[in-house]
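Dropping target_8.txt in here (compact mmCIF, C-alpha atoms (C1' of nucleotides)):
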# COMPACT_ATOMS: atom_id res chain seq x y z
CA MET A 27 20.79 63.36 105.72
CA ILE A 28 20.92 61.08 108.68
CA THR A 29 20.57 62.76 112.02
CA VAL A 30 22.14 60.78 114.82
CA SER A 31 20.99 62.78 117.80
CA THR A 32 19.51 61.99 121.16
CA SER A 33 16.97 64.77 120.95
CA LYS A 34 13.33 64.09 120.27
CA ARG A 35 12.45 63.14 116.79
CA GLU A 36 9.31 64.19 114.98
CA SER A 37 8.92 61.33 112.53
CA TYR A 38 7.68 57.90 113.47
CA HIS A 39 10.80 56.30 112.06
CA HIS A 40 14.13 57.26 113.49
CA GLY A 41 16.47 57.36 110.56
CA ASP A 42 19.41 55.43 111.91
CA LEU A 43 18.37 53.93 115.18
CA ARG A 44 21.09 51.32 115.19
CA ALA A 45 23.89 53.87 115.13
CA ALA A 46 22.12 56.04 117.68
CA LEU A 47 21.71 53.09 120.02
CA ILE A 48 25.38 52.23 119.78
CA GLU A 49 26.32 55.82 120.43
CA ALA A 50 24.04 55.92 123.47
CA GLY A 51 25.33 52.55 124.65
CA LEU A 52 28.93 53.71 124.53
CA LYS A 53 28.01 56.78 126.54
CA LEU A 54 26.24 54.64 129.12
CA ILE A 55 29.25 52.35 129.37
CA GLU A 56 31.61 55.13 130.29
CA GLU A 57 29.12 56.63 132.74
CA ARG A 58 28.15 53.48 134.60
CA GLY A 59 29.95 50.17 134.35
CA ALA A 60 29.46 47.94 131.34
CA ASP A 61 27.35 45.55 133.38
CA ASP A 62 24.75 48.18 134.14
CA VAL A 63 23.92 48.94 130.54
CA GLY A 64 20.32 48.01 129.92
CA LEU A 65 18.32 47.82 126.77
CA ARG A 66 15.53 49.88 128.25
CA GLU A 67 17.96 52.53 129.40
CA ALA A 68 19.64 52.77 126.03
CA ALA A 69 16.26 53.01 124.37
CA ARG A 70 15.22 55.72 126.79
CA ALA A 71 18.39 57.69 126.06
CA VAL A 72 17.58 57.66 122.37
CA GLY A 73 13.94 58.48 123.02
CA VAL A 74 12.55 55.30 121.57
CA SER A 75 10.44 52.43 122.82
CA ALA A 76 12.22 49.68 124.71
CA THR A 77 11.41 46.94 122.24
CA ALA A 78 12.49 48.91 119.20
CA ILE A 79 15.97 47.55 119.80
CA TYR A 80 14.85 44.14 118.69
CA ARG A 81 14.42 45.43 115.15
CA HIS A 82 18.19 45.94 115.04
CA PHE A 83 19.65 43.40 117.45
CA PRO A 84 18.37 39.89 118.15
CA ASP A 85 18.97 40.22 121.89
CA LYS A 86 20.95 42.06 124.52
CA GLY A 87 24.06 40.01 123.91
CA ALA A 88 24.17 41.05 120.29
CA PHE A 89 23.79 44.68 121.30
CA LEU A 90 26.68 44.45 123.73
CA GLN A 91 28.72 42.66 121.13
CA ALA A 92 28.16 45.53 118.73
CA LEU A 93 29.34 47.93 121.42
CA ALA A 94 32.39 45.75 121.98
CA GLN A 95 33.12 45.79 118.28
CA ALA A 96 32.96 49.58 118.24
CA GLY A 97 35.26 49.64 121.26
CA LEU A 98 37.75 47.32 119.61
CA GLU A 99 37.93 49.64 116.63
CA ARG A 100 38.71 52.55 118.92
CA LEU A 101 41.39 50.52 120.67
CA ALA A 102 42.97 49.64 117.36
CA ALA A 103 42.88 53.26 116.28
CA ALA A 104 44.58 54.36 119.50
CA GLN A 105 47.32 51.80 119.04
CA ILE A 106 47.91 52.72 115.42
CA ALA A 107 48.07 56.39 116.30
CA ALA A 108 50.53 55.71 119.09
CA SER A 109 52.69 53.56 116.87
CA ASP A 110 52.76 56.17 114.15
CA ALA A 111 53.51 58.96 116.59
CA ALA A 112 56.52 57.03 117.86
CA GLY A 113 57.79 56.53 114.33
CA GLY A 114 57.15 52.81 114.10
CA GLY A 115 59.81 50.17 114.69
CA ALA A 116 60.74 49.07 118.17
CA ALA A 117 59.78 52.41 119.68
CA GLY A 118 56.43 52.17 117.95
CA PHE A 119 55.86 48.69 119.28
CA ASN A 120 56.47 49.78 122.84
CA ALA A 121 54.25 52.80 122.28
CA THR A 122 51.56 50.38 121.14
CA GLY A 123 51.79 48.58 124.45
CA ARG A 124 51.59 51.76 126.44
CA ALA A 125 48.61 52.91 124.39
CA TYR A 126 46.92 49.58 125.10
CA VAL A 127 47.18 50.04 128.86
CA ARG A 128 46.28 53.71 128.75
CA PHE A 129 43.23 53.01 126.63
CA ALA A 130 42.08 50.47 129.19
CA LEU A 131 42.51 52.95 132.02
CA ALA A 132 40.80 55.74 130.10
CA ASN A 133 37.84 53.54 129.08
CA PRO A 134 37.47 50.96 131.84
CA GLY A 135 33.96 49.80 131.06
CA LEU A 136 34.51 49.64 127.34
CA PHE A 137 37.80 47.79 127.69
CA ARG A 138 36.21 45.24 129.98
CA LEU A 139 33.34 44.77 127.60
CA ILE A 140 35.67 44.13 124.67
CA PHE A 141 37.15 41.15 126.44
CA SER A 142 34.25 40.06 128.57
CA THR A 143 31.73 38.00 126.67
CA ALA A 144 33.06 34.82 125.19
CA LYS A 145 32.97 35.89 121.58
CA GLY A 146 34.33 32.53 120.47
CA ASP A 147 37.00 32.66 117.78
CA PRO A 148 40.21 31.55 119.50
CA LEU A 149 42.02 34.04 117.33
CA ASP A 150 43.79 32.40 114.47
CA TRP A 151 47.11 34.17 114.42
CA ASP A 152 47.66 33.56 110.76
CA ASN A 153 44.32 35.10 109.80
CA ALA A 154 43.90 37.72 112.49
CA PRO A 155 40.37 39.05 112.08
CA ASP A 156 40.56 42.30 113.98
CA ASP A 157 42.61 45.34 113.24
CA ALA A 158 44.03 45.57 116.73
CA MET A 159 45.14 41.97 116.68
CA ARG A 160 46.59 42.22 113.22
CA LEU A 161 48.55 45.27 114.25
CA LEU A 162 49.97 43.49 117.24
CA ARG A 163 50.95 40.44 115.25
CA ASP A 164 52.44 42.33 112.35
CA ASN A 165 54.52 44.50 114.61
CA ALA A 166 55.78 41.53 116.55
CA VAL A 167 56.64 39.65 113.43
CA ARG A 168 58.39 42.63 111.91
CA LEU A 169 60.49 43.08 115.02
CA VAL A 170 61.45 39.53 115.72
CA ALA A 171 60.87 37.32 112.73
CA LYS A 172 63.97 38.24 110.82
CA GLU A 173 66.34 37.41 113.60
CA ARG A 174 64.64 34.47 115.25
CA GLY A 175 62.03 33.10 112.88
CA ALA A 176 58.26 33.14 112.72
CA GLU A 177 57.69 30.78 115.61
CA GLU A 178 59.68 32.93 117.98
CA ALA A 179 57.83 35.96 116.68
CA LYS A 180 54.48 34.43 117.63
CA LEU A 181 55.72 33.71 121.08
CA PHE A 182 57.11 37.20 121.43
CA ALA A 183 53.84 38.74 120.30
CA LEU A 184 51.80 36.62 122.67
CA HIS A 185 54.18 37.37 125.50
CA SER A 186 53.94 41.10 124.87
CA TRP A 187 50.18 40.99 124.55
CA ALA A 188 49.75 39.00 127.74
CA LEU A 189 52.01 41.41 129.58
CA VAL A 190 50.20 44.60 128.63
CA HIS A 191 46.80 42.97 128.93
CA GLY A 192 47.55 41.65 132.37
CA LEU A 193 48.91 44.98 133.52
CA ALA A 194 45.85 46.76 132.15
CA VAL A 195 43.41 44.38 133.80
CA LEU A 196 45.18 44.38 137.15
CA MET A 197 45.18 48.16 137.26
CA LEU A 198 41.59 48.27 136.08
CA ASP A 199 40.49 45.94 138.82
CA GLY A 200 42.31 47.94 141.43
CA MET A 201 44.81 45.21 142.21
CA VAL A 202 47.70 47.44 141.23
CA ALA A 203 47.76 51.16 141.84
CA VAL A 204 47.50 53.13 138.63
CA ASP A 205 50.87 54.70 138.01
CA ASP A 206 51.85 56.04 134.64
CA ALA A 207 55.56 55.75 135.29
CA LEU A 208 55.10 52.19 136.46
CA ILE A 209 53.49 51.26 133.16
CA ASP A 210 56.53 52.46 131.30
CA ARG A 211 58.89 50.63 133.60
CA VAL A 212 57.06 47.31 133.40
CA ILE A 213 56.88 47.47 129.63
CA ASP A 214 60.45 48.60 129.34
CA VAL A 215 61.64 45.68 131.43
CA ARG A 216 60.50 43.43 128.67
CA LYS A 217 62.21 45.51 126.05
CA VAL A 218 65.53 45.53 127.88
CA GLU A 219 65.44 41.82 128.35
CA CYS A 220 64.86 40.97 124.75
CA MET B 10 27.48 19.15 164.44
CA ILE B 11 26.84 21.47 161.57
CA THR B 12 25.30 19.88 158.53
CA VAL B 13 26.10 21.74 155.35
CA SER B 14 23.93 19.93 152.89
CA THR B 15 21.64 20.96 150.09
CA SER B 16 18.98 18.45 151.01
CA LYS B 17 15.74 19.47 152.63
CA ARG B 18 15.98 20.41 156.23
CA GLU B 19 13.34 19.68 158.82
CA SER B 20 13.98 22.47 161.29
CA TYR B 21 12.88 26.02 160.75
CA HIS B 22 16.41 27.27 161.19
CA HIS B 23 19.08 26.04 158.90
CA GLY B 24 22.17 25.63 161.03
CA ASP B 25 24.79 27.29 158.87
CA LEU B 26 23.01 28.95 156.03
CA ARG B 27 25.86 31.27 155.22
CA ALA B 28 28.29 28.44 154.49
CA ALA B 29 25.64 26.53 152.57
CA LEU B 30 24.88 29.56 150.43
CA ILE B 31 28.53 30.03 149.59
CA GLU B 32 28.87 26.39 148.72
CA ALA B 33 25.82 26.58 146.47
CA GLY B 34 27.05 29.81 144.95
CA LEU B 35 30.40 28.29 144.05
CA LYS B 36 28.65 25.38 142.40
CA LEU B 37 26.44 27.74 140.41
CA ILE B 38 29.48 29.70 139.30
CA GLU B 39 31.16 26.72 137.77
CA GLU B 40 27.93 25.54 136.14
CA ARG B 41 26.81 28.83 134.61
CA GLY B 42 28.93 31.92 134.30
CA ALA B 43 29.58 34.10 137.31
CA ASP B 44 27.25 36.75 135.93
CA ASP B 45 24.28 34.42 135.97
CA VAL B 46 24.45 33.66 139.67
CA GLY B 47 21.27 34.94 141.27
CA LEU B 48 20.27 35.28 144.87
CA ARG B 49 16.97 33.55 144.30
CA GLU B 50 18.67 30.70 142.50
CA ALA B 51 21.24 30.20 145.24
CA ALA B 52 18.47 30.28 147.83
CA ARG B 53 16.49 27.75 145.81
CA ALA B 54 19.51 25.44 145.61
CA VAL B 55 19.80 25.48 149.38
CA GLY B 56 16.07 25.06 149.81
CA VAL B 57 15.50 28.32 151.59
CA SER B 58 13.44 31.41 151.00
CA ALA B 59 14.89 34.01 148.67
CA THR B 60 15.05 36.72 151.27
CA ALA B 61 16.80 34.61 153.86
CA ILE B 62 20.06 35.62 152.25
CA TYR B 63 19.66 39.12 153.60
CA ARG B 64 20.16 37.81 157.13
CA HIS B 65 23.73 36.92 156.13
CA PHE B 66 24.68 39.36 153.38
CA PRO B 67 23.58 42.97 153.05
CA ASP B 68 23.07 42.63 149.29
CA LYS B 69 24.02 40.67 146.21
CA GLY B 70 27.36 42.39 145.90
CA ALA B 71 28.39 41.27 149.34
CA PHE B 72 27.38 37.72 148.52
CA LEU B 73 29.45 37.72 145.35
CA GLN B 74 32.32 39.25 147.26
CA ALA B 75 32.19 36.39 149.74
CA LEU B 76 32.29 33.94 146.85
CA ALA B 77 35.26 35.81 145.41
CA GLN B 78 37.01 35.62 148.75
CA ALA B 79 36.49 31.87 148.87
CA GLY B 80 37.82 31.64 145.33
CA LEU B 81 40.89 33.65 146.17
CA GLU B 82 41.69 31.28 148.98
CA ARG B 83 41.47 28.35 146.61
CA LEU B 84 43.72 30.11 144.13
CA ALA B 85 46.26 30.77 146.85
CA ALA B 86 46.12 27.15 147.96
CA ALA B 87 46.69 25.94 144.40
CA GLN B 88 49.70 28.19 144.04
CA ILE B 89 51.21 27.16 147.32
CA ALA B 90 50.73 23.50 146.49
CA ALA B 91 52.34 23.96 143.10
CA SER B 92 55.25 25.85 144.57
CA ASP B 93 55.84 23.21 147.21
CA ALA B 94 55.56 20.38 144.69
CA ALA B 95 58.24 22.01 142.59
CA GLY B 96 60.53 22.32 145.57
CA GLY B 97 60.39 26.07 145.94
CA GLY B 98 63.03 28.43 144.57
CA ALA B 99 63.04 29.50 140.96
CA ALA B 100 61.33 26.30 139.84
CA GLY B 101 58.67 26.84 142.46
CA PHE B 102 58.12 30.41 141.29
CA ASN B 103 57.55 29.31 137.73
CA ALA B 104 55.28 26.54 138.95
CA THR B 105 53.29 29.20 140.76
CA GLY B 106 52.78 31.02 137.50
CA ARG B 107 51.66 27.91 135.70
CA ALA B 108 49.29 27.04 138.54
CA TYR B 109 47.83 30.54 138.29
CA VAL B 110 46.95 30.12 134.63
CA ARG B 111 45.73 26.55 135.04
CA PHE B 112 43.52 27.55 137.94
CA ALA B 113 41.96 30.23 135.79
CA LEU B 114 41.29 27.77 132.99
CA ALA B 115 39.91 25.16 135.34
CA ASN B 116 37.62 27.64 137.14
CA PRO B 117 36.74 30.29 134.57
CA GLY B 118 33.75 31.79 136.30
CA LEU B 119 35.36 31.82 139.70
CA PHE B 120 38.58 33.33 138.41
CA ARG B 121 36.69 36.09 136.63
CA LEU B 122 34.68 36.80 139.73
CA ILE B 123 37.79 37.16 141.85
CA PHE B 124 39.04 39.98 139.67
CA SER B 125 35.78 41.40 138.45
CA THR B 126 34.15 43.76 140.88
CA ALA B 127 36.25 46.69 141.92
CA LYS B 128 36.95 45.59 145.43
CA GLY B 129 38.95 48.73 146.10
CA ASP B 130 42.25 48.25 147.90
CA PRO B 131 44.94 49.06 145.33
CA LEU B 132 47.02 46.36 146.93
CA ASP B 133 49.69 47.75 149.17
CA TRP B 134 52.72 45.66 148.30
CA ASP B 135 54.35 46.16 151.64
CA ASN B 136 51.27 44.93 153.53
CA ALA B 137 49.82 42.42 151.13
CA PRO B 138 46.44 41.48 152.56
CA ASP B 139 45.73 38.26 150.67
CA ASP B 140 47.59 35.01 150.84
CA ALA B 141 47.92 34.70 147.09
CA MET B 142 49.37 38.17 146.78
CA ARG B 143 51.70 37.71 149.69
CA LEU B 144 52.98 34.49 148.19
CA LEU B 145 53.64 36.18 144.90
CA ARG B 146 55.47 39.07 146.49
CA ASP B 147 57.53 36.98 148.86
CA ASN B 148 58.63 34.63 146.13
CA ALA B 149 59.58 37.48 143.86
CA VAL B 150 61.50 39.21 146.58
CA ARG B 151 63.28 36.03 147.56
CA LEU B 152 64.33 35.41 143.99
CA VAL B 153 65.41 38.84 142.98
CA ALA B 154 65.96 41.08 145.94
CA LYS B 155 69.37 39.80 146.86
CA GLU B 156 70.90 40.40 143.50
CA ARG B 157 69.11 43.53 142.38
CA GLY B 158 67.48 45.17 145.36
CA ALA B 159 63.95 45.49 146.62
CA GLU B 160 62.80 47.96 143.99
CA GLU B 161 63.77 45.63 141.18
CA ALA B 162 62.07 42.80 143.01
CA LYS B 163 58.77 44.68 143.04
CA LEU B 164 59.06 45.32 139.36
CA PHE B 165 59.90 41.70 138.69
CA ALA B 166 56.95 40.51 140.73
CA LEU B 167 54.54 42.87 139.01
CA HIS B 168 55.92 41.91 135.63
CA SER B 169 55.46 38.22 136.38
CA TRP B 170 52.00 38.73 137.75
CA ALA B 171 50.87 40.80 134.78
CA LEU B 172 52.25 38.19 132.42
CA VAL B 173 50.46 35.20 133.88
CA HIS B 174 47.31 37.18 134.57
CA GLY B 175 47.19 38.48 131.02
CA LEU B 176 47.79 35.04 129.60
CA ALA B 177 45.08 33.58 131.78
CA VAL B 178 42.53 36.22 130.88
CA LEU B 179 43.27 36.10 127.17
CA MET B 180 42.83 32.34 127.13
CA LEU B 181 39.74 32.59 129.28
CA ASP B 182 38.15 35.08 126.93
CA GLY B 183 38.93 32.93 123.94
CA MET B 184 41.37 35.39 122.43
CA VAL B 185 44.16 32.84 122.59
CA ALA B 186 43.65 29.15 122.04
CA VAL B 187 44.11 27.16 125.22
CA ASP B 188 47.33 25.24 124.87
CA ASP B 189 49.09 23.73 127.83
CA ALA B 190 52.47 23.65 126.15
CA LEU B 191 52.07 27.26 125.11
CA ILE B 192 51.58 28.30 128.72
CA ASP B 193 54.88 26.74 129.65
CA ARG B 194 56.66 28.35 126.75
CA VAL B 195 55.34 31.85 127.41
CA ILE B 196 56.22 31.65 131.05
CA ASP B 197 59.60 30.15 130.31
CA VAL B 198 60.41 32.94 127.91
CA ARG B 199 60.36 35.26 130.85
CA LYS B 200 62.59 33.01 132.87
CA VAL B 201 65.12 32.66 130.12
CA GLU B 202 65.29 36.36 129.58
CA CYS B 203 65.93 37.27 133.18
C1' DG C 2 10.36 28.49 182.10
C1' DC C 3 10.20 33.06 179.88
C1' DC C 4 11.50 36.16 176.70
C1' DC C 5 14.62 38.34 173.42
C1' DT C 6 17.05 38.23 169.51
C1' DA C 7 18.71 35.90 165.60
C1' DT C 8 17.05 33.77 161.77
C1' DG C 9 13.65 32.36 158.07
C1' DT C 10 9.03 33.38 155.41
C1' DG C 11 5.52 35.59 152.42
C1' DA C 12 3.69 39.12 149.86
C1' DA C 13 4.73 43.08 147.37
C1' DC C 14 7.28 46.50 144.25
C1' DA C 15 10.03 48.26 140.69
C1' DG C 16 12.98 47.17 136.95
C1' DC C 17 14.67 43.98 133.66
C1' DA C 18 14.78 41.15 128.93
C1' DT C 19 11.82 39.36 125.88
C1' DC C 20 7.60 38.08 123.16
C1' DA C 21 3.28 38.81 120.53
C1' DA C 22 0.01 41.66 118.34
C1' DC C 23 -0.68 45.97 116.42
C1' DA C 24 0.53 50.78 114.19
C1' DT C 25 3.00 53.58 111.03
C1' DT C 26 5.60 54.59 107.21
C1' DG C 27 8.81 54.84 103.28
C1' DG C 28 9.71 52.96 99.11
C1' DA C 29 9.10 49.39 95.27
C1' DC C 30 6.40 48.46 91.51
C1' DG C 31 2.50 48.79 88.73
C1' DC D 25 0.39 58.75 90.69
C1' DG D 26 -1.49 55.17 93.54
C1' DT D 27 -1.21 50.63 96.01
C1' DC D 28 0.65 47.54 98.83
C1' DC D 29 4.34 45.39 101.36
C1' DA D 30 8.14 45.03 104.21
C1' DA D 31 10.73 47.49 107.48
C1' DT D 32 10.49 49.85 111.58
C1' DG D 33 8.41 51.49 116.03
C1' DT D 34 4.73 50.90 119.88
C1' DT D 35 1.84 48.90 123.44
C1' DG D 36 0.77 45.37 126.65
C1' DA D 37 1.96 41.35 128.94
C1' DT D 38 4.93 37.54 131.03
C1' DG D 39 8.21 35.78 134.00
C1' DC D 40 12.39 36.75 135.88
C1' DT D 41 15.33 39.54 139.17
C1' DG D 42 16.99 42.24 143.65
C1' DT D 43 15.13 44.33 147.49
C1' DT D 44 11.89 45.87 151.36
C1' DC D 45 8.57 45.18 154.95
C1' DA D 46 5.75 43.02 158.15
C1' DC D 47 5.37 38.76 160.23
C1' DA D 48 6.63 33.79 162.01
C1' DT D 49 9.62 30.72 164.46
C1' DA D 50 12.85 28.99 167.57
C1' DG D 51 17.19 28.54 170.30
C1' DG D 52 19.79 30.27 174.06
C1' DG D 53 20.57 33.45 178.09
C1' DC D 54 18.36 34.89 182.33
Conversion result in structure tokens:
Amino acid sequence: MITVSTSKRESYHHGDLRAALIEAGLKLIEERGADDVGLREAARAVGVSATAIYRHFPDKGAFLQALAQAGLERLAAAQIAASDAAGGGAAGFNATGRAYVRFALANPGLFRLIFSTAKGDPLDWDNAPDDAMRLLRDNAVRLVAKERGAEEAKLFALHSWALVHGLAVLMLDGMVAVDDALIDRVIDVRKVEC
Amino acid sequence: MITVSTSKRESYHHGDLRAALIEAGLKLIEERGADDVGLREAARAVGVSATAIYRHFPDKGAFLQALAQAGLERLAAAQIAASDAAGGGAAGFNATGRAYVRFALANPGLFRLIFSTAKGDPLDWDNAPDDAMRLLRDNAVRLVAKERGAEEAKLFALHSWALVHGLAVLMLDGMVAVDDALIDRVIDVRKVEC
DNA sequence: GCCCTATGTGAACAGCATCAACATTGGACG
DNA sequence: CGTCCAATGTTGATGCTGTTCACATAGGGC
């Protein structure tokens, strides 16, 4: 059995240090900002030597990228859950957008990390690599493609994504006061107009 | 006369170290990322001791904030220029949006810095403190208020801002391929639908 | 012309990421 | 069952960083 715990261990080897480090890193991200996550601190939280991390990640960037990947999976899960809860379709798509913004507000550091480091990959829409992105694209296509064609669907998806992403980031950065009702209204404006 | 130059100085005092540091900082931002700007490095670029910065800024955060302020002014100037060039009105408003995204793509590090650190101030729409924000609000109000009322104008402005900001950030982070024509189309979609 | 204050310097400290050499161990293979 | 190796963790060191403190310099007000 693999014990992923932050308590002291008795054996020289940890068991699953990589998972434990990611767990600790995620906790650190939500406590402090994502910028203040340090390798040494994460190692300390797990109760392991600072340089042990290098047996599992080539450098700090790779560690943060792993955290971002874990965060992206959580974001995707939140969107899927929201879409399902709304019963799919157009209502589900709008719920997806709201979930996107709410996830950002609930996990500021993690959300920023997901989109912070240039992870390359200018997202090929036709072969979306990530669950969250695939969900977005598929929903957009399903909603729009039949009436207006695939090209319009892409544009609609990008438009929707940019809207919710921008709203999330602006609220996260304190440029726009966080207001749950406002989120609904901004997103709904788009819906009404389409 | 104040000489703001990065060359060696002969006098013990610098003349206008604060301005020189900001200039050097802006240059460093566009060379490396905004995260990699260091006090020591900026001081080195100006040819001054590392700790001299503390005579002009209380700490690194304040220095970065000053850089962000300078960046915001440039962003505002770019938007105003674009709006004027398009002749104001609806065309000017859309030009503002395009200028916003293009500025972000042309100055990635600077743009990120502007919106990175939580600078507080959840932006009071009725007393917009920054030029860029005031421009955005005034244009939105001018375009929409007369037909639909002030409340709708706020919503329209926020919607527009979130859209261009989201598009800019997504392209900046490599999530969406940079495509000049695509920018126009996404922004125009909004115009068409309103 | 003197002095005070603003401004710049140097050495020092703690914390950071990272590297190199060494220690420990679990498991593969005889 | 025993041996050895590769994976994993540790210790020490290096050069970077932001920041503090005591000190140096000089320009402007009296």
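When only C-alpha atoms are used to compute distances to chain A, the closest of the residues B:Arg121, B:Arg151, B:Arg41, B:Arg143 turns out to be B:Arg121.
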Worksheet entry | Distance filter 9 Å, all atoms listed in the file, chain D against chain B, as a PyMOL selection string | chain D and resi 41-43+49-50
Would you write out those residues with C-alpha atoms (C1' of nucleotides), as a JSON list (two decimals), in the coordinates of the input?
[["chain", "number", "residue", "atom", "x", "y", "z"],
["D", 41, "DT", "C1'", 15.33, 39.54, 139.17],
["D", 42, "DG", "C1'", 16.99, 42.24, 143.65],
["D", 43, "DT", "C1'", 15.13, 44.33, 147.49],
["D", 49, "DT", "C1'", 9.62, 30.72, 164.46],
["D", 50, "DA", "C1'", 12.85, 28.99, 167.57]]
Write down, as a tab-separated table (two decimals) with C-alpha atoms (C1' of nucleotides), keeping the file's coordinate frame, each residue of chain C that has any atom within 12 Å of an atom of chain B, counting all atoms listed in the file.
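And here's result_13.tsv as it stands now:
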chain	number	residue	atom	x	y	z
C	7	DA	C1'	18.71	35.90	165.60
C	8	DT	C1'	17.05	33.77	161.77
C	9	DG	C1'	13.65	32.36	158.07
C	10	DT	C1'	9.03	33.38	155.41
C	11	DG	C1'	5.52	35.59	152.42
C	12	DA	C1'	3.69	39.12	149.86
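Nearest to chain A of all the residues B:Gly158, B:Gly101, B:Gly42, B:Gly80 is B:Gly42, counting all atoms listed in the file.
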Worksheet entry | Atom pair CA of Asp193 (chain B) / CA of Gly106 (chain B): separation (Å) |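 Between CA of Asp193 (chain B) and CA of Gly106 (chain B) the gap is 9.2 Å.
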Contacts of DG39 (chain D) at 12 Å (only C-alpha atoms (C1' of nucleotides); same-chain gap of 4+ positions) as a PDB file with C-alpha atoms (C1' of nucleotides), in the coordinates of the input:
ATOM      1  C1'  DC C  17      14.670  43.980 133.660  1.00  0.00           C
ATOM      2  C1'  DA C  18      14.780  41.150 128.930  1.00  0.00           C
ATOM      3  C1'  DT C  19      11.820  39.360 125.880  1.00  0.00           C
ATOM      4  C1'  DC C  20       7.600  38.080 123.160  1.00  0.00           C
TER       5       DC C  20
END
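When the distance limit is 12 Å and all atoms listed in the file are what count, the residues near Ala92 (chain A), minus those fewer than 6 positions from it on the same chain, are Arg44, Ala45, Leu47, Ile48, Glu49, Gly51, Leu52, His82, Phe83, Pro84, Asp85, Lys86, Leu98, Glu99, Leu136, Leu139, Ile140, Thr143 and Lys145 of chain A.
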Item to complete: Measure the distance from CA of Leu152 (chain B) to CA of Gly98 (chain B) in Å and round it to one decimal.
Response: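 Between CA of Leu152 (chain B) and CA of Gly98 (chain B) the gap is 7.1 Å.
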Worksheet entry | Å distance separating CA of Ser109 (chain A) from CA of Thr122 (chain A), one decimal place |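 Going from CA of Ser109 (chain A) over to CA of Thr122 (chain A) covers 5.4 Å.
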Discussion item. I'd like the contact shell of DG27 (chain C) - 10 Å cut-off, only C-alpha atoms (C1' of nucleotides), skipping same-chain residues fewer than 4 positions apart - returned as number ranges by chain.
Written reply: A: 39; D: 30-32
Take every atom of region 5-17 of chain C listed in the file, pad by 6 Å on each side, and give me the axis-aligned box centre and edge lengths in Å, one decimal, as AutoDock Vina command-line options.
--center_x 11.2 --center_y 40.3 --center_z 153.5 --size_x 27.0 --size_y 27.9 --size_z 51.8
